[in-house]
There are 2 protein chains.
Amino acid sequence: MTQTAEPGTPRRPSTGGSVVLSVDTMGGDRGPATVVAGVALSAEKNPDLRFILHGPEAELSKLVSRKRGLAERCEIRDAQSVVSMSDKPAQVIRSAQGTSMWSAIESVRNGEATVAVSCGNTGALMALSVIRLRKLPGVNRPAIACLWPSRNAQGFNVMLDCGADIRADAPDLLQYALMGASYAKNGLGVERPRVGLLNVGTEEHKGRAELKLAHDLISVASADGNFDYIGFVEGGDLPSDRVDVIVTDGFTGNVALKTGEGTAKLVGDFMRDAFANSIMSKFAALLALTSLKRLQKRIDPRRVNGGVFLGLNATVVKSHGSADATGVSAALKLAFQLAQSGFHDRLAARVAQAAAAAEDRTAALPGTEP
Amino acid sequence: MTQTAEPGTPRRPSTGGSVVLSVDTMGGDRGPATVVAGVALSAEKNPDLRFILHGPEAELSKLVSRKRGLAERCEIRDAQSVVSMSDKPAQVIRSAQGTSMWSAIESVRNGEATVAVSCGNTGALMALSVIRLRKLPGVNRPAIACLWPSRNAQGFNVMLDCGADIRADAPDLLQYALMGASYAKNGLGVERPRVGLLNVGTEEHKGRAELKLAHDLISVASADGNFDYIGFVEGGDLPSDRVDVIVTDGFTGNVALKTGEGTAKLVGDFMRDAFANSIMSKFAALLALTSLKRLQKRIDPRRVNGGVFLGLNATVVKSHGSADATGVSAALKLAFQLAQSGFHDRLAARVAQAAAAAEDRTAALPGTEP
């Protein structure tokens, strides 16, 4: 079981300055046709992108050949089995060899591609990623970072952990802060990210014990890092412009993420109801079509599709299981940006630097000198 | 310090079938004028309501006398000092005697009023309520229940705990389920509430250990109770129509509540931006005014103003600190409904019945007979 399932010595796509993404075409709710449609959209928009597609070869070949010019930019890796949404991570680890998800991760593991993208089962994808890619030295718990529509200039805030792990202690939260800051810088172009720690109030005496400890750790680390620590933030600050990166444990982050999505959807549904209510309001909606479409676009969850796995020896992007072609394309775009910015190496360097700085501080404490 | 600050033997307002609410007029962001305006709104709508107002007598007399017919329905209790938003609960406990908040709780404690309402500091209000009213026999942690706009016929779902305590173990979560079901029945008129436990997934193997245990406890209790237990729910289910009562710890609940409010506000702001964008869309907004107002009303946080403290020997309603007159009036309406339905006695009976049933089950276990 520890043997690597290397798919022979693959012919590498000629990369000449381009970025190669490894794409799991299976495991999403809409099947490989939707994923390939998303790949085609991204390929059209971005001539520097190349793809390795993992899934059933015959079907993928047919889908790819239907899109003009796509075949030259895609390499197909046959994988007949699939990790389903209901598979438990523990089962998946035992039986994932030969699945498209495993294969997609392998392409990143062996350096053929820079970032892996999958619409599949989140728990299984994280479990396989940890086992095959391994954790970055110095990282205890990897995290999933997601984007949150916000009032900031960059249009989004970063929140992590969104559900990689249901718990996090203070040193984990510190690492989330470092990794999140690095992501905001490289993924969103925020020069000096402001980091906040999610709590039930902004006063220092509030919250659980591990949050008070994390508060102190992040304060100290911000002196060495390229970020500002603004202290505790609340749920209402997730879309605010006073913070760029919100740090929390994966349980709270997951509930917050789904609550935000659910609330936005509720308001959207109520809005549709309101406009469908009378002939007058239907006419008004027609007049306001451009405005409503702009609004729709601003809160469209498909535009912010892509949870990024941080703290591993390569970057993995998790797309929504229900993503349509636009959603898949958004996840691929995010993967491209991260690949192109050299995000992974910068993140690794930052984590290593923080670990070294912490060691220096410990060594400098009175009484700890040899 | 254990001495009671009974304000003499108060002249009780003549109640003849009416409901008396005890109102703390201080401690909100907008001062007593706003609270008295809210009281006047409620008094106008509901002839069965009477009030005991707590705060600076001279100012309150002046405010009350300006509203026609209000003076006959209000009794004023002079309280010169005030609990501020920044006071820490531990400080407040030592020095709260003589504040309007303390006085408002006393009127409920000594039976003059049925429900107390305050816009003040939540932590202080909960701490004083626990100390002066004491916990209901059998309740370990009191909880704050809030209302969440939803797709259900009743228009709202109940979530608890919204932040009374930052932790809850399995037996606490069970009590939240019982108290929340009782609240949904008496406060919202839901005949047979459906209760769900908030988690990061709906599968039984997911989540923290205390959630799995709580899952089992609530399952068993639902057999005796007048509610259905639907198992785990996710953040996206908070506004959904598959559940009426969502149970969670106060840390998660508080983050979810503020996240939902923040998201709704963001979408609302984006919508305003969209309609302000062009002359055409401004005209459209004018045409759709009725529809937009209906939408506004449906998601107006002032309409759902009022966190209810559950698990004490009387009911306390916490209004938003920033509530305007409409918001205060909504909190008073909720307090009135709860008072009129005999909610408190029913809740106490249900908690006692559940405790007895649990004892019976333990006694019936093989090997536990005498």
# chains A, B, ... in the order shown; residues from 1 in each chain; ligands from 1
call {"tool": "residues_around", "arguments": {"residues": "Asp228 of chain B", "least_positions_apart": "6", "cutoff": "7 Å", "atoms": "only C-alpha atoms", "output": "ChimeraX atom specification"}}
result
/B:192-195,222
call {"tool": "select_by_dssp", "arguments": {"residues": "segment 43-72 of chain A", "states": "strand (DSSP E)", "output": "list in words"}}
result
Leu49, Arg50, Phe51, Ile52, Leu53, His54 and Gly55 of chain A
call {"tool": "write_last_selection", "arguments": {"atoms": "all heavy atoms", "output": "compact mmCIF listing (two decimals), in the first residue's frame"}}
result
# COMPACT_ATOMS: atom_id res chain seq x y z
N LEU A 49 -2.25 28.31 -20.31
CA LEU A 49 -2.65 27.16 -19.50
C LEU A 49 -2.61 25.86 -20.28
O LEU A 49 -3.05 25.80 -21.42
CB LEU A 49 -4.08 27.38 -18.98
CG LEU A 49 -4.26 27.89 -17.57
CD1 LEU A 49 -5.73 28.09 -17.27
CD2 LEU A 49 -3.65 26.92 -16.57
N ARG A 50 -2.10 24.81 -19.62
CA ARG A 50 -2.17 23.45 -20.15
C ARG A 50 -2.75 22.56 -19.05
O ARG A 50 -2.72 22.91 -17.88
CB ARG A 50 -0.79 22.96 -20.58
CG ARG A 50 -0.12 23.91 -21.59
CD ARG A 50 1.18 23.32 -22.11
NE ARG A 50 0.95 22.20 -22.98
CZ ARG A 50 0.62 22.31 -24.27
NH1 ARG A 50 0.50 23.50 -24.84
NH2 ARG A 50 0.43 21.24 -25.00
N PHE A 51 -3.28 21.39 -19.46
CA PHE A 51 -4.01 20.56 -18.50
C PHE A 51 -3.63 19.09 -18.60
O PHE A 51 -3.36 18.58 -19.69
CB PHE A 51 -5.51 20.67 -18.73
CG PHE A 51 -6.02 22.08 -18.75
CD1 PHE A 51 -6.04 22.81 -19.95
CD2 PHE A 51 -6.45 22.70 -17.60
CE1 PHE A 51 -6.51 24.12 -19.99
CE2 PHE A 51 -6.91 24.01 -17.62
CZ PHE A 51 -6.94 24.72 -18.82
N ILE A 52 -3.62 18.42 -17.47
CA ILE A 52 -3.62 16.96 -17.46
C ILE A 52 -4.98 16.55 -16.88
O ILE A 52 -5.30 16.92 -15.75
CB ILE A 52 -2.49 16.37 -16.60
CG1 ILE A 52 -1.14 16.98 -17.02
CG2 ILE A 52 -2.45 14.86 -16.71
CD1 ILE A 52 0.05 16.52 -16.16
N LEU A 53 -5.77 15.86 -17.69
CA LEU A 53 -7.12 15.48 -17.25
C LEU A 53 -7.14 14.03 -16.80
O LEU A 53 -6.65 13.15 -17.52
CB LEU A 53 -8.13 15.67 -18.39
CG LEU A 53 -8.16 17.03 -19.08
CD1 LEU A 53 -9.26 17.05 -20.16
CD2 LEU A 53 -8.39 18.15 -18.06
N HIS A 54 -7.73 13.77 -15.65
CA HIS A 54 -7.77 12.42 -15.09
C HIS A 54 -9.20 11.91 -15.07
O HIS A 54 -10.08 12.58 -14.53
CB HIS A 54 -7.19 12.42 -13.68
CG HIS A 54 -5.81 13.01 -13.61
ND1 HIS A 54 -4.67 12.24 -13.61
CD2 HIS A 54 -5.39 14.29 -13.59
CE1 HIS A 54 -3.60 13.04 -13.58
NE2 HIS A 54 -4.01 14.29 -13.56
N GLY A 55 -9.41 10.72 -15.66
CA GLY A 55 -10.75 10.13 -15.71
C GLY A 55 -10.79 9.06 -16.78
O GLY A 55 -9.76 8.65 -17.30
call {"tool": "residues_around", "arguments": {"residues": "Gly342 of chain A", "least_positions_apart": "4", "cutoff": "12 Å", "atoms": "only C-alpha atoms", "output": "CSV table (one decimal) with N, CA, C and O atoms, in the first residue's frame"}}
result
chain,number,residue,atom,x,y,z
A,19,VAL,N,1.7,27.2,-17.6
A,19,VAL,CA,1.4,26.5,-16.3
A,19,VAL,C,0.6,25.3,-16.6
A,19,VAL,O,-0.3,25.3,-17.4
A,114,THR,N,1.6,21.9,-11.5
A,114,THR,CA,1.9,22.7,-10.3
A,114,THR,C,0.7,22.6,-9.3
A,114,THR,O,1.0,22.6,-8.1
A,115,VAL,N,-0.5,22.7,-9.8
A,115,VAL,CA,-1.7,22.7,-8.8
A,115,VAL,C,-2.7,21.6,-9.3
A,115,VAL,O,-2.9,21.4,-10.5
A,182,SER,N,-0.1,34.8,3.5
A,182,SER,CA,0.7,34.4,2.3
A,182,SER,C,-0.3,34.3,1.1
A,182,SER,O,0.0,34.7,0.0
A,183,TYR,N,-1.4,33.6,1.4
A,183,TYR,CA,-2.4,33.4,0.3
A,183,TYR,C,-3.0,34.7,-0.1
A,183,TYR,O,-3.2,35.0,-1.3
A,185,LYS,N,-1.7,37.6,-0.1
A,185,LYS,CA,-0.6,38.3,-0.8
A,185,LYS,C,-0.5,37.8,-2.2
A,185,LYS,O,-0.5,38.6,-3.2
A,186,ASN,N,-0.4,36.5,-2.4
A,186,ASN,CA,-0.1,35.9,-3.7
A,186,ASN,C,-1.3,35.6,-4.5
A,186,ASN,O,-1.3,35.7,-5.7
A,187,GLY,N,-2.4,35.2,-3.8
A,187,GLY,CA,-3.7,34.9,-4.5
A,187,GLY,C,-4.5,36.1,-4.9
A,187,GLY,O,-5.1,36.2,-5.9
A,314,ALA,N,2.4,20.8,-1.9
A,314,ALA,CA,1.9,21.3,-3.2
A,314,ALA,C,0.5,21.8,-2.9
A,314,ALA,O,-0.1,21.6,-1.9
A,315,THR,N,0.0,22.6,-3.9
A,315,THR,CA,-1.3,23.2,-3.7
A,315,THR,C,-2.4,22.4,-4.4
A,315,THR,O,-2.2,22.0,-5.5
A,335,ALA,N,-6.4,28.5,-9.5
A,335,ALA,CA,-5.2,27.6,-9.5
A,335,ALA,C,-4.1,28.2,-10.3
A,335,ALA,O,-2.9,28.1,-10.0
A,336,PHE,N,-4.5,28.7,-11.5
A,336,PHE,CA,-3.5,29.3,-12.4
A,336,PHE,C,-2.8,30.5,-11.7
A,336,PHE,O,-1.5,30.6,-11.7
A,337,GLN,N,-3.5,31.4,-11.0
A,337,GLN,CA,-2.9,32.5,-10.3
A,337,GLN,C,-2.0,32.1,-9.3
A,337,GLN,O,-0.9,32.7,-9.1
A,338,LEU,N,-2.3,31.1,-8.5
A,338,LEU,CA,-1.5,30.6,-7.4
A,338,LEU,C,-0.2,30.0,-8.0
A,338,LEU,O,0.9,30.1,-7.5
A,346,ARG,N,6.7,30.5,-1.8
A,346,ARG,CA,6.6,31.6,-0.9
A,346,ARG,C,6.0,31.2,0.4
A,346,ARG,O,6.5,31.6,1.5
A,347,LEU,N,4.9,30.4,0.4
A,347,LEU,CA,4.3,30.0,1.6
A,347,LEU,C,5.2,29.1,2.4
A,347,LEU,O,5.3,29.3,3.6
A,348,ALA,N,5.9,28.2,1.7
A,348,ALA,CA,6.8,27.3,2.4
A,348,ALA,C,7.9,28.1,3.1
A,348,ALA,O,8.3,27.9,4.3
A,349,ALA,N,8.4,29.1,2.4
A,349,ALA,CA,9.5,30.0,2.9
A,349,ALA,C,9.0,30.7,4.2
A,349,ALA,O,9.7,30.9,5.2
call {"tool": "closest_residue", "arguments": {"among": "A:Arg208, A:Phe343, A:His215, A:Asp249", "to": "chain B", "atoms": "only C-alpha atoms"}}
result
A:Arg208
call {"tool": "atom_distance", "arguments": {"atom1": "atom CA of Ser341 of chain B", "atom2": "atom CA of Asn313 of chain B"}}
result
16.0 Å
call {"tool": "residues_around", "arguments": {"residues": "Gly120 of chain A", "least_positions_apart": "6", "cutoff": "9 Å", "atoms": "only C-alpha atoms", "output": "MDAnalysis selection string"}}
result
chainID A and resid 24:29 83:85 101 318:321
call {"tool": "residues_around", "arguments": {"residues": "Asn152 of chain B", "least_positions_apart": "4", "cutoff": "10 Å", "atoms": "only C-alpha atoms", "output": "PyMOL selection string"}}
result
chain B and resi 156-157+239-244
call {"tool": "write_last_selection", "arguments": {"atoms": "C-alpha atoms", "output": "short mmCIF file (atom, residue, chain, number, x, y, z; two decimals), in the first residue's frame"}}
result
data_model
loop_
_atom_site.label_atom_id
_atom_site.label_comp_id
_atom_site.auth_asym_id
_atom_site.auth_seq_id
_atom_site.Cartn_x
_atom_site.Cartn_y
_atom_site.Cartn_z
CA PHE B 156 -38.58 32.28 11.48
CA ASN B 157 -36.47 29.50 12.88
CA PRO B 239 -32.98 29.58 7.16
CA SER B 240 -34.34 26.32 5.71
CA ASP B 241 -37.81 24.81 5.97
CA ARG B 242 -36.66 21.35 6.99
CA VAL B 243 -36.03 22.41 10.60
CA ASP B 244 -37.61 24.78 13.17
#
call {"tool": "residues_around", "arguments": {"residues": "Leu198 of chain B", "least_positions_apart": "5", "cutoff": "10 Å", "atoms": "only C-alpha atoms", "output": "MDAnalysis selection string"}}
result
(chainID A and resid 255) or (chainID B and resid 159 207 211 231:238 245:249 252:253)
call {"tool": "closest_residue", "arguments": {"among": "A:Leu136, A:Val328, A:Ala256, A:Ala168", "to": "chain B", "atoms": "only C-alpha atoms"}}
result
A:Ala256
call {"tool": "atom_distance", "arguments": {"atom1": "atom CA of Gln175 of chain B", "atom2": "atom CA of His205 of chain B"}}
result
22.3 Å
call {"tool": "atom_distance", "arguments": {"atom1": "atom CA of Met179 of chain B", "atom2": "atom CA of Ala221 of chain B"}}
result
12.3 Å
call {"tool": "residues_around", "arguments": {"residues": "Pro171 of chain B", "least_positions_apart": "5", "cutoff": "9 Å", "atoms": "only C-alpha atoms", "output": "list in words"}}
result
Asn140, Tyr176, Leu213, Ala214, Leu217 and Ile218 of chain B
